[in-house]
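> I'm passing along input-v1.txt; it holds compact mmCIF, C-alpha atoms (C1' of nucleotides).
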```txt
# COMPACT_ATOMS: atom_id res chain seq x y z
CA MET M 63 10.95 17.44 -27.70
CA ALA M 64 9.41 15.11 -25.20
CA VAL M 65 7.93 13.18 -28.08
CA LYS M 66 11.21 12.93 -29.92
CA GLU M 67 12.97 11.71 -26.80
CA ALA M 68 10.18 9.25 -26.26
CA GLY M 69 10.63 7.97 -29.78
CA VAL M 70 14.29 7.36 -29.09
CA ARG M 71 13.53 5.55 -25.84
CA GLY M 72 11.11 3.05 -27.34
CA SER M 73 7.40 2.36 -27.48
CA ALA M 74 4.94 3.53 -24.86
CA ARG M 75 4.62 -0.07 -23.65
CA GLU M 76 8.35 -0.45 -23.16
CA ARG M 77 8.69 2.85 -21.37
CA LEU M 78 5.75 2.09 -19.08
CA LEU M 79 7.16 -1.31 -18.25
CA ALA M 80 10.57 0.16 -17.51
CA ALA M 81 9.07 2.80 -15.24
CA ALA M 82 6.90 0.21 -13.48
CA ASP M 83 9.88 -2.08 -13.07
CA GLU M 84 11.89 0.61 -11.37
CA LEU M 85 9.19 2.24 -9.24
CA PHE M 86 7.21 -0.84 -8.20
CA TYR M 87 10.39 -2.69 -7.31
CA ASN M 88 12.04 0.12 -5.41
CA GLU M 89 9.08 1.67 -3.62
CA GLY M 90 6.32 -0.93 -3.57
CA ILE M 91 3.23 -1.53 -5.64
CA HIS M 92 0.66 0.10 -3.41
CA THR M 93 2.89 3.04 -2.66
CA VAL M 94 3.44 3.98 -6.28
CA GLY M 95 0.48 5.55 -8.05
CA ILE M 96 -0.39 5.65 -11.70
CA ASP M 97 0.63 9.29 -11.91
CA ARG M 98 4.19 8.50 -10.80
CA ILE M 99 4.43 5.78 -13.42
CA ILE M 100 3.27 7.87 -16.35
CA GLU M 101 5.39 10.82 -15.29
CA GLN M 102 8.52 8.67 -15.16
CA ALA M 103 7.63 6.99 -18.45
CA GLY M 104 6.90 10.32 -20.10
CA VAL M 105 3.59 8.98 -21.34
CA ALA M 106 -0.03 10.11 -21.16
CA LYS M 107 -2.40 8.40 -18.77
CA ALA M 108 -4.64 7.35 -21.64
CA SER M 109 -1.72 5.50 -23.20
CA LEU M 110 -1.30 3.41 -20.09
CA TYR M 111 -4.95 2.43 -20.07
CA ASN M 112 -4.98 1.81 -23.81
CA THR M 113 -1.96 -0.46 -23.51
CA PHE M 114 -2.56 -2.32 -20.26
CA GLY M 115 -6.20 -1.68 -19.35
CA SER M 116 -5.62 -1.40 -15.61
CA LYS M 117 -2.97 -1.03 -12.95
CA ASP M 118 -3.45 -4.67 -12.03
CA GLU M 119 -2.52 -5.73 -15.53
CA LEU M 120 0.56 -3.50 -15.44
CA VAL M 121 1.55 -5.18 -12.19
CA ARG M 122 1.10 -8.57 -13.83
CA ALA M 123 3.33 -7.54 -16.73
CA TYR M 124 5.90 -6.14 -14.30
CA LEU M 125 6.11 -9.42 -12.38
CA GLU M 126 6.34 -11.39 -15.61
CA SER M 127 9.24 -9.28 -16.82
CA ARG M 128 10.99 -9.65 -13.44
CA TYR M 129 10.61 -13.41 -13.64
CA ALA M 130 12.17 -13.43 -17.09
CA SER M 131 15.11 -11.21 -16.18
CA VAL M 132 15.92 -12.93 -12.88
CA THR M 133 15.75 -16.49 -14.21
CA GLN M 134 17.79 -15.42 -17.22
CA ARG M 135 20.47 -13.94 -15.04
CA ILE M 136 20.75 -17.08 -12.94
CA MET M 137 20.86 -19.28 -16.03
CA ARG M 138 23.60 -17.19 -17.59
CA ALA M 139 25.76 -17.84 -14.53
CA VAL M 140 25.00 -21.58 -14.57
CA GLU M 141 25.83 -21.89 -18.25
CA ARG M 142 29.28 -20.48 -17.76
CA TYR M 143 30.33 -23.85 -16.33
CA ASP M 144 30.46 -27.41 -17.62
CA THR M 145 30.72 -29.73 -14.62
CA PRO M 146 27.55 -30.31 -12.58
CA PRO M 147 29.03 -29.31 -9.18
CA GLU M 148 30.29 -26.02 -10.62
CA ARG M 149 26.96 -25.39 -12.26
CA LEU M 150 25.15 -25.97 -8.99
CA LEU M 151 27.32 -23.48 -7.13
CA ALA M 152 27.09 -21.03 -10.02
CA VAL M 153 23.49 -20.36 -8.99
CA PHE M 154 24.95 -18.31 -6.15
CA GLU M 155 27.19 -16.45 -8.57
CA GLY M 156 24.04 -15.50 -10.42
CA LEU M 157 22.72 -14.14 -7.13
CA ALA M 158 25.93 -12.17 -6.62
CA ASP M 159 25.38 -10.62 -10.02
CA LEU M 160 21.80 -9.79 -9.02
CA PHE M 161 22.82 -8.28 -5.69
CA ALA M 162 25.39 -6.05 -7.38
CA HIS M 163 22.73 -4.07 -9.27
CA ASP M 164 20.52 -2.01 -6.95
CA TYR M 165 19.11 -5.05 -5.24
CA ARG M 166 16.09 -4.41 -3.03
CA GLY M 167 15.07 -7.97 -2.22
CA CYS M 168 13.11 -10.67 -3.94
CA ALA M 169 10.55 -8.87 -6.12
CA PHE M 170 8.02 -11.65 -5.60
CA ALA M 171 8.35 -11.67 -1.85
CA ARG M 172 7.96 -7.90 -1.88
CA ALA M 173 4.88 -8.04 -4.07
CA SER M 174 3.47 -10.88 -2.04
CA ALA M 175 3.87 -8.87 1.17
CA GLU M 176 1.44 -6.30 -0.24
CA SER M 177 -1.04 -8.69 -1.81
CA GLN M 178 -4.12 -10.53 -0.68
CA PRO M 179 -4.03 -14.33 -0.49
CA GLY M 180 -4.74 -15.90 -3.88
CA ASP M 181 -3.68 -12.73 -5.65
CA GLN M 182 -1.71 -12.72 -8.89
CA ALA M 183 1.42 -11.76 -6.94
CA GLU M 184 1.21 -14.99 -4.95
CA GLN M 185 0.87 -16.99 -8.13
CA ALA M 186 3.90 -15.31 -9.65
CA ALA M 187 5.83 -15.95 -6.45
CA ALA M 188 4.84 -19.61 -6.43
CA ALA M 189 5.98 -20.02 -10.04
CA TYR M 190 9.31 -18.43 -9.25
CA ARG M 191 9.89 -20.58 -6.20
CA THR M 192 9.06 -23.72 -8.13
CA TRP M 193 11.52 -22.69 -10.83
CA VAL M 194 14.32 -22.22 -8.29
CA ARG M 195 13.57 -25.48 -6.52
CA VAL M 196 13.43 -27.50 -9.75
CA LEU M 197 16.68 -25.94 -10.96
CA LEU M 198 18.47 -26.72 -7.69
CA THR M 199 17.08 -30.27 -7.59
CA ASP M 200 18.08 -30.99 -11.19
CA LEU M 201 21.59 -29.63 -10.69
CA ALA M 202 21.96 -31.53 -7.41
CA THR M 203 20.91 -34.73 -9.16
CA GLN M 204 23.37 -34.16 -11.97
CA ALA M 205 26.11 -33.44 -9.46
CA GLY M 206 25.50 -36.88 -7.97
CA ALA M 207 24.04 -35.94 -4.61
CA PRO M 208 22.60 -39.02 -2.91
CA GLU M 209 19.55 -37.09 -1.73
CA PRO M 210 19.10 -34.32 -4.30
CA GLU M 211 15.78 -33.11 -2.88
CA LEU M 212 17.30 -32.61 0.55
CA LEU M 213 20.36 -30.83 -0.80
CA ALA M 214 18.17 -28.64 -3.00
CA ARG M 215 16.09 -27.75 -0.01
CA GLN M 216 19.14 -26.78 2.01
CA LEU M 217 20.54 -24.72 -0.83
CA HIS M 218 17.18 -23.05 -1.30
CA LEU M 219 17.40 -21.90 2.32
CA LEU M 220 20.77 -20.35 1.56
CA TYR M 221 19.40 -18.88 -1.66
CA ASP M 222 16.52 -17.18 0.15
CA GLY M 223 18.62 -16.22 3.12
CA SER M 224 21.27 -14.52 1.04
CA GLY M 225 18.59 -12.50 -0.73
CA GLN M 226 17.16 -11.40 2.57
CA ALA M 227 20.58 -10.50 3.95
CA ALA M 228 21.59 -8.63 0.81
CA ARG M 229 18.43 -6.59 1.03
CA MET M 230 18.01 -6.00 4.74
CA ASP M 231 21.69 -5.60 5.66
CA HIS M 232 22.72 -3.91 2.41
CA ASP M 233 25.29 -6.64 2.19
CA PRO M 234 25.95 -8.06 -1.29
CA ALA M 235 28.68 -10.25 0.25
CA ALA M 236 25.89 -12.53 1.41
CA ALA M 237 26.11 -14.21 -2.01
CA PRO M 238 29.72 -15.43 -1.72
CA VAL M 239 29.10 -16.51 1.87
CA ALA M 240 26.09 -18.51 0.71
CA ARG M 241 28.12 -19.97 -2.14
CA ALA M 242 30.88 -21.07 0.20
CA THR M 243 28.37 -22.58 2.61
CA ALA M 244 26.66 -24.36 -0.27
CA ALA M 245 30.02 -25.76 -1.33
CA VAL M 246 30.51 -27.21 2.14
CA LEU M 247 27.10 -28.89 2.04
CA LEU M 248 27.70 -30.19 -1.47
CA ASP M 249 31.09 -31.66 -0.55
CA LEU M 250 29.57 -33.32 2.47
CA ALA M 251 26.74 -34.81 0.41
CA LEU M 252 29.16 -36.17 -2.19
CA ALA M 253 31.43 -37.59 0.53
CA GLN M 254 28.49 -39.42 2.11
CA ARG M 255 27.73 -41.01 -1.24
CA SER M 256 31.09 -42.82 -1.42
CA SER M 257 31.07 -43.96 2.18
CA MET H 83 -23.11 -5.04 24.93
CA ALA H 84 -20.27 -4.03 22.72
CA VAL H 85 -18.98 -1.90 25.55
CA LYS H 86 -19.28 -4.68 28.07
CA GLU H 87 -17.49 -7.07 25.75
CA ALA H 88 -14.83 -4.44 25.22
CA GLY H 89 -14.37 -4.15 28.94
CA VAL H 90 -13.79 -7.86 29.15
CA ARG H 91 -11.29 -7.76 26.30
CA GLY H 92 -9.09 -5.08 27.75
CA SER H 93 -8.28 -1.42 27.26
CA ALA H 94 -8.79 0.43 24.00
CA ARG H 95 -5.03 0.56 23.54
CA GLU H 96 -4.68 -3.20 23.91
CA ARG H 97 -7.55 -3.93 21.57
CA LEU H 98 -6.23 -1.52 18.94
CA LEU H 99 -2.78 -3.04 19.15
CA ALA H 100 -4.19 -6.55 18.86
CA ALA H 101 -6.24 -5.58 15.81
CA ALA H 102 -3.27 -3.80 14.23
CA ASP H 103 -1.06 -6.79 14.93
CA GLU H 104 -3.41 -9.15 13.16
CA LEU H 105 -4.45 -6.97 10.24
CA PHE H 106 -1.14 -5.23 9.47
CA TYR H 107 0.73 -8.50 9.70
CA ASN H 108 -1.67 -10.54 7.61
CA GLU H 109 -2.68 -8.04 4.96
CA GLY H 110 -0.05 -5.35 4.89
CA ILE H 111 0.20 -1.88 6.36
CA HIS H 112 -0.81 0.15 3.34
CA THR H 113 -3.61 -2.22 2.45
CA VAL H 114 -5.34 -2.00 5.82
CA GLY H 115 -7.12 1.25 6.56
CA ILE H 116 -7.96 2.89 9.84
CA ASP H 117 -11.60 1.89 9.48
CA ARG H 118 -10.73 -1.81 9.35
CA ILE H 119 -8.61 -1.47 12.48
CA ILE H 120 -11.21 0.27 14.61
CA GLU H 121 -13.95 -2.05 13.40
CA GLN H 122 -11.93 -5.12 14.40
CA ALA H 123 -10.93 -3.53 17.71
CA GLY H 124 -14.51 -2.49 18.43
CA VAL H 125 -13.34 1.01 19.20
CA ALA H 126 -14.26 4.50 18.03
CA LYS H 127 -12.01 6.33 15.61
CA ALA H 128 -11.50 9.14 18.09
CA SER H 129 -10.14 6.64 20.62
CA LEU H 130 -7.46 5.59 18.17
CA TYR H 131 -6.38 9.17 17.61
CA ASN H 132 -6.54 10.00 21.30
CA THR H 133 -4.37 7.00 22.09
CA PHE H 134 -1.86 6.92 19.27
CA GLY H 135 -2.20 10.26 17.49
CA SER H 136 -1.71 8.90 14.00
CA LYS H 137 -1.61 5.76 11.91
CA ASP H 138 2.17 6.06 11.71
CA GLU H 139 2.43 5.89 15.47
CA LEU H 140 0.16 2.85 15.56
CA VAL H 141 2.45 1.20 13.02
CA ARG H 142 5.43 2.01 15.21
CA ALA H 143 3.73 0.45 18.24
CA TYR H 144 2.78 -2.59 16.15
CA LEU H 145 6.38 -3.17 15.08
CA GLU H 146 7.60 -2.69 18.63
CA SER H 147 5.18 -5.28 19.94
CA ARG H 148 6.21 -7.69 17.18
CA TYR H 149 9.84 -7.24 18.10
CA ALA H 150 9.05 -8.03 21.73
CA SER H 151 6.98 -11.12 21.01
CA VAL H 152 9.34 -12.60 18.41
CA THR H 153 12.53 -12.12 20.42
CA GLN H 154 10.77 -13.44 23.49
CA ARG H 155 9.67 -16.58 21.66
CA ILE H 156 13.19 -17.26 20.41
CA MET H 157 14.67 -16.67 23.85
CA ARG H 158 12.19 -19.03 25.46
CA ALA H 159 13.41 -21.79 23.17
CA VAL H 160 17.06 -21.00 23.85
CA GLU H 161 16.56 -21.02 27.60
CA ARG H 162 15.14 -24.52 27.56
CA TYR H 163 18.72 -25.81 27.16
CA ASP H 164 21.90 -25.61 29.17
CA THR H 165 24.79 -26.49 26.89
CA PRO H 166 25.92 -23.83 24.40
CA PRO H 167 25.63 -26.00 21.25
CA GLU H 168 22.07 -26.97 22.16
CA ARG H 169 21.22 -23.37 22.89
CA LEU H 170 22.55 -22.30 19.52
CA LEU H 171 20.44 -24.83 17.66
CA ALA H 172 17.44 -24.03 19.83
CA VAL H 173 17.13 -20.74 17.94
CA PHE H 174 15.69 -22.81 15.10
CA GLU H 175 13.28 -24.48 17.47
CA GLY H 176 12.06 -21.02 18.36
CA LEU H 177 11.49 -20.46 14.65
CA ALA H 178 9.57 -23.72 14.41
CA ASP H 179 7.33 -22.46 17.20
CA LEU H 180 6.87 -19.20 15.31
CA PHE H 181 6.06 -20.94 12.03
CA ALA H 182 3.44 -23.09 13.70
CA HIS H 183 1.18 -20.12 14.51
CA ASP H 184 -0.25 -18.50 11.38
CA TYR H 185 3.14 -17.44 10.11
CA ARG H 186 3.09 -15.00 7.21
CA GLY H 187 6.78 -14.14 7.00
CA CYS H 188 9.12 -11.82 8.80
CA ALA H 189 7.01 -8.87 9.92
CA PHE H 190 9.93 -6.48 9.51
CA ALA H 191 10.73 -7.62 6.00
CA ARG H 192 7.05 -7.26 5.13
CA ALA H 193 6.83 -3.77 6.59
CA SER H 194 10.10 -2.81 4.97
CA ALA H 195 8.79 -3.91 1.57
CA GLU H 196 6.09 -1.26 1.83
CA SER H 197 8.17 1.52 3.33
CA GLN H 198 10.30 4.31 2.01
CA PRO H 199 14.06 4.24 2.67
CA GLY H 200 14.88 5.68 6.09
CA ASP H 201 11.37 4.97 7.31
CA GLN H 202 10.61 3.73 10.83
CA ALA H 203 9.99 0.25 9.40
CA GLU H 204 13.57 0.08 8.17
CA GLN H 205 14.85 1.12 11.56
CA ALA H 206 12.78 -1.54 13.29
CA ALA H 207 14.01 -4.11 10.80
CA ALA H 208 17.63 -3.10 11.37
CA ALA H 209 17.22 -3.42 15.13
CA TYR H 210 15.71 -6.87 14.74
CA ARG H 211 18.45 -8.07 12.41
CA THR H 212 21.13 -6.80 14.77
CA TRP H 213 19.46 -8.63 17.64
CA VAL H 214 19.45 -11.92 15.72
CA ARG H 215 23.03 -11.52 14.59
CA VAL H 216 24.32 -10.69 18.07
CA LEU H 217 22.41 -13.60 19.57
CA LEU H 218 23.82 -16.06 17.03
CA THR H 219 27.34 -14.69 17.40
CA ASP H 220 27.24 -14.88 21.20
CA LEU H 221 25.89 -18.42 21.18
CA ALA H 222 28.43 -19.47 18.54
CA THR H 223 31.22 -18.03 20.68
CA GLN H 224 29.96 -19.83 23.77
CA ALA H 225 29.71 -23.04 21.78
CA GLY H 226 33.39 -22.72 20.99
CA ALA H 227 33.26 -22.07 17.28
CA PRO H 228 36.69 -20.99 16.01
CA GLU H 229 35.16 -18.28 13.81
CA PRO H 230 31.93 -17.32 15.58
CA GLU H 231 31.17 -14.39 13.24
CA LEU H 232 31.37 -16.63 10.19
CA LEU H 233 29.22 -19.34 11.75
CA ALA H 234 26.69 -16.74 12.89
CA ARG H 235 26.55 -15.37 9.40
CA GLN H 236 25.92 -18.79 7.93
CA LEU H 237 23.25 -19.57 10.47
CA HIS H 238 21.64 -16.21 9.86
CA LEU H 239 21.28 -17.22 6.21
CA LEU H 240 19.48 -20.36 7.31
CA TYR H 241 17.40 -18.34 9.77
CA ASP H 242 16.24 -15.95 7.06
CA GLY H 243 15.87 -18.65 4.47
CA SER H 244 13.66 -20.81 6.64
CA GLY H 245 11.40 -17.84 7.31
CA GLN H 246 11.08 -17.15 3.63
CA ALA H 247 10.37 -20.81 2.86
CA ALA H 248 7.84 -21.14 5.67
CA ARG H 249 6.02 -18.14 4.34
CA MET H 250 6.24 -18.54 0.58
CA ASP H 251 5.92 -22.32 0.41
CA HIS H 252 3.53 -22.63 3.36
CA ASP H 253 6.07 -25.07 4.70
CA PRO H 254 6.69 -24.95 8.48
CA ALA H 255 9.05 -27.92 8.07
CA ALA H 256 11.63 -25.43 6.86
CA ALA H 257 12.53 -24.88 10.51
CA PRO H 258 13.66 -28.44 11.29
CA VAL H 259 15.50 -28.60 7.96
CA ALA H 260 17.30 -25.39 8.85
CA ARG H 261 18.05 -26.74 12.31
CA ALA H 262 19.54 -29.95 10.92
CA THR H 263 21.62 -27.99 8.41
CA ALA H 264 22.80 -25.67 11.17
CA ALA H 265 23.81 -28.71 13.21
CA VAL H 266 25.96 -29.93 10.32
CA LEU H 267 27.69 -26.56 10.05
CA LEU H 268 28.20 -26.37 13.80
CA ASP H 269 29.70 -29.87 13.98
CA LEU H 270 32.02 -29.02 11.13
CA ALA H 271 33.15 -25.82 12.82
CA LEU H 272 33.82 -27.59 16.11
CA ALA H 273 35.69 -30.37 14.31
CA GLN H 274 37.94 -27.83 12.61
CA ARG H 275 38.78 -26.36 15.97
CA SER H 276 40.35 -29.54 17.25
CA SER H 277 42.25 -30.34 14.05
C1' DG P 76 -27.66 14.02 41.95
C1' DA P 77 -23.90 16.77 39.80
C1' DC P 78 -19.42 16.89 37.88
C1' DT P 79 -15.46 14.93 35.36
C1' DG P 80 -13.13 12.29 31.99
C1' DA P 81 -13.13 8.73 28.84
C1' DT P 82 -15.54 6.73 25.09
C1' DT P 83 -19.05 6.30 21.64
C1' DA P 84 -21.15 6.84 16.61
C1' DG P 85 -20.77 9.02 12.78
C1' DA P 86 -20.80 13.30 9.93
C1' DC P 87 -17.44 15.82 7.75
C1' DC P 88 -12.99 17.75 5.52
C1' DT P 89 -9.18 17.31 2.47
C1' DG P 90 -6.30 14.91 -0.33
C1' DT P 91 -5.19 11.10 -3.33
C1' DC P 92 -6.23 7.04 -5.75
C1' DT P 93 -7.79 4.50 -10.13
C1' DG P 94 -10.02 5.03 -14.16
C1' DT P 95 -12.80 7.75 -17.96
C1' DC P 96 -13.44 11.16 -21.21
C1' DT P 97 -12.68 15.11 -24.31
C1' DA P 98 -10.18 17.57 -27.49
C1' DG P 99 -6.26 18.32 -29.91
C1' DT P 100 -1.71 17.01 -32.29
C1' DA P 101 1.95 14.43 -34.54
C1' DT P 102 3.11 10.79 -37.87
C1' DC P 103 2.49 7.72 -41.51
C1' DT P 104 0.12 5.80 -45.70
C1' DC P 105 -2.31 6.22 -49.72
C1' DG A 154 -3.72 16.72 -49.16
C1' DA A 155 -7.06 13.22 -46.73
C1' DG A 156 -7.71 9.88 -43.56
C1' DA A 157 -6.25 6.62 -40.13
C1' DT A 158 -3.57 5.68 -36.12
C1' DA A 159 -1.26 6.61 -31.99
C1' DC A 160 -0.34 9.66 -28.95
C1' DT A 161 -0.72 14.04 -26.02
C1' DA A 162 -2.48 17.09 -21.87
C1' DG A 163 -5.49 17.49 -18.59
C1' DA A 164 -10.25 17.95 -16.67
C1' DC A 165 -13.30 15.07 -14.39
C1' DA A 166 -15.86 11.31 -11.64
C1' DG A 167 -16.30 8.20 -7.92
C1' DA A 168 -14.22 5.71 -4.26
C1' DC A 169 -11.54 5.73 -0.37
C1' DA A 170 -7.69 7.26 2.52
C1' DG A 171 -6.24 9.65 7.07
C1' DG A 172 -7.67 12.79 10.25
C1' DT A 173 -10.96 16.28 12.80
C1' DC A 174 -14.97 17.51 15.11
C1' DT A 175 -19.56 17.38 17.38
C1' DA A 176 -22.85 15.64 20.33
C1' DA A 177 -24.34 12.06 23.08
C1' DT A 178 -23.40 8.37 26.49
C1' DC A 179 -21.26 5.90 30.10
C1' DA A 180 -18.40 5.08 34.56
C1' DG A 181 -16.64 6.63 38.61
C1' DT A 182 -16.18 10.40 42.43
C1' DC A 183 -17.60 13.77 45.52
```
Go through the file and emit its structure as C-alpha cells.

Amino acid sequence: MAVKEAGVRGSARERLLAAADELFYNEGIHTVGIDRIIEQAGVAKASLYNTFGSKDELVRAYLESRYASVTQRIMRAVERYDTPPERLLAVFEGLADLFAHDYRGCAFARASAESQPGDQAEQAAAAYRTWVRVLLTDLATQAGAPEPELLARQLHLLYDGSGQAARMDHDPAAAPVARATAAVLLDLALAQRSS
Amino acid sequence: MAVKEAGVRGSARERLLAAADELFYNEGIHTVGIDRIIEQAGVAKASLYNTFGSKDELVRAYLESRYASVTQRIMRAVERYDTPPERLLAVFEGLADLFAHDYRGCAFARASAESQPGDQAEQAAAAYRTWVRVLLTDLATQAGAPEPELLARQLHLLYDGSGQAARMDHDPAAAPVARATAAVLLDLALAQRSS
DNA sequence: GACTGATTAGACCTGTCTGTCTAGTATCTC
DNA sequence: GAGATACTAGACAGACAGGTCTAATCAGTC
C-alpha cells in the first residue's frame, strides 16, 4: 500500500525533495534529521543516500529548488504588467503571493543563519540576493529612474524588510505596505528626473 | 595560570555569557555545543550547569543580554539629539553603530530560524520587535507625523531591511541608505500634515 | 591548620545524529 | 520464468550531543 501510494506521489527523488522543502524550511536544517525526512517522504534511508549521497547534497538541492520557485513566483507577478513602473512595483505583489502561503521567512537567510561562513548556504543566499538586486535595478532603469542603483537599493531594503515583518510579526500585510512605500519612492524619483 | 587569568576576566557567569554571546551569535545555537562554550570561557562544564542549569537556560540568558545591549545602543543614539525628527532618524544611526561591530544579522531572527514555534527564541524576538515598533511609533508621534503608526511601519521595514542587507551583503552602508530613505518618508509625512 | 564552598578536569551515561550495510521484495524487460 | 533494477525495512557503526558525577584543588574564614 505504501508503495502504491508512493508510486502515485512520484519518484523517490521528488518525494524526498518535497519533504526536505517542507521540513527544512519550516523547522530548520540542523533541527531536522534524516529520519524525519525519510519518514515524511515515505522512503527508505538507502534511497536517500542512493539518490543524493549525503544530507549536505540534499540541502543543496533544497536550496536550489527554493531559488527556482521563489524567483519564478516573483517573475510571474512582474510579467502580469506591461509598463515598467507597474512591473517594478509588481515585485512586491510577488512577495504578497509568497507571504500568503505558509511563509516562514527568507529561506536563504534562514539557512545562512545555521551555516558556517563560506558554506553552500551562503553561496545560495548570495546568488539570490544578486538576482533580486539585478531585477530591481533593471526594472528601475526601464522605469526611467535617474539613479536606478539607488532606487533599487532602497526598494531592496523594503523587499527584505517586508519579508522579515511577514515572518516575525506573522503579518502578510507587510507586502502591500512595502508596495505602497515603494510607489512613493518611485514617484519621487521620477519627479526629480523632470525637475 | 588559567585560574588567575579567569579571575582577571570576571566571574564564571560573565565569562560563560560572553562566550555564548560570541559563539551563539556568530555560528548559531544548534551548531555550537556545550564543549565549545566552556572551552572558550575557560570554565569547567560543571560550572556551567551549576550556574545556568541547562543549555536552554544559557540560551535564554544570551538572548536577554542581546536584547539589553541592542536596545541600549539604539537608545544611546536617540538620546544624542533633542528635536523629535532628529531623534527618529537617529534610530538608524544606532543601527549604523551596530553594523560597524562584527554584525551578523538580527540575533533574534537568527535564533528564531533555528527554533520551534512557541520556543523561547520566538518570545524574545516578539519582545524585541514590539520594542522597536513602540519606539518608532512614539518618536513618529512626537515628530508630528499625521499617521504615526503608518510611518513607524514603513520605517520598521527599512530598519529590518537594512539589517538584512548589512548581514547578507556585508554592507554596513545599508544603515545610512536606510536613514536617508527614512528622512524622505518623514519629510513627506510632515509635508502632508500642513497641506 | 581545619573547615567550607566554589571550581577544576575529565570520565562517564544516554540519546541522537549521519551514514553504511545486509537481506529481502516488487516491478519491468527480455 | 530469469535476470536486472529500484526499492524496502531495519540493524549497525562511529561520532557527537547534553548532562551527571567523582575526586582533586583552590580561596577565604574561623
> Near chain M, which residues of chain H fall within 9 Å when you count only C-alpha atoms, and what do they look like as a PyMOL selection string?
chain H and resi 108-113+186-187+191-199+204+207-208+211+232+235-236+238-247+250-251+256+259-260+263+266-267
> Counting only C-alpha atoms (C1' of nucleotides), select every polymer residue within 10 Å of (40.3, -18.6, 10.9) as defined in the file's coordinates, and provide the selection as a list in words.
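Output of the proximity query reads Pro228, Glu229, Pro230, Leu232, Gln274 and Arg275 of chain H.
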> Within 12 Å of chain A, which residues of chain H are there when counting all atoms listed in the file? Please give them as number ranges by chain.
H: 85-86, 89, 112-118, 127-128, 130-132, 135-138
> Within 12 Å of chain H, which residues belong to chain P? Use all atoms listed in the file and report them as a ChimeraX atom specification.
/P:81-85
> Write a file of the just-selected residues containing C-alpha atoms (C1' of nucleotides), as a CSV table (one decimal), in the coordinates of the input.

```csv
chain,number,residue,atom,x,y,z
P,81,DA,C1',-13.1,8.7,28.8
P,82,DT,C1',-15.5,6.7,25.1
P,83,DT,C1',-19.0,6.3,21.6
P,84,DA,C1',-21.2,6.8,16.6
P,85,DG,C1',-20.8,9.0,12.8
```
> Choose the residue, out of H:Glu231, H:Glu104, H:Asp164, H:Asp184, that has the smallest atom-to-atom separation from His252 in chain H; count only C-alpha atoms.
H:Asp184
> What is the distance between CA of Gln202 in chain H and CA of Phe134 in chain H, in Å to one decimal?
15.4 Å
> Please indicate the distance in Å from CA of Leu78 in chain M to CA of Ala186 in chain M, rounded to one decimal place.
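It comes out at 19.9 Å.
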> Between CA of Ala182 in chain H and CA of Tyr210 in chain H, measure the distance and give it in Å to one decimal.
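So the two atoms, CA of Ala182 in chain H and CA of Tyr210 in chain H, lie 20.4 Å apart.
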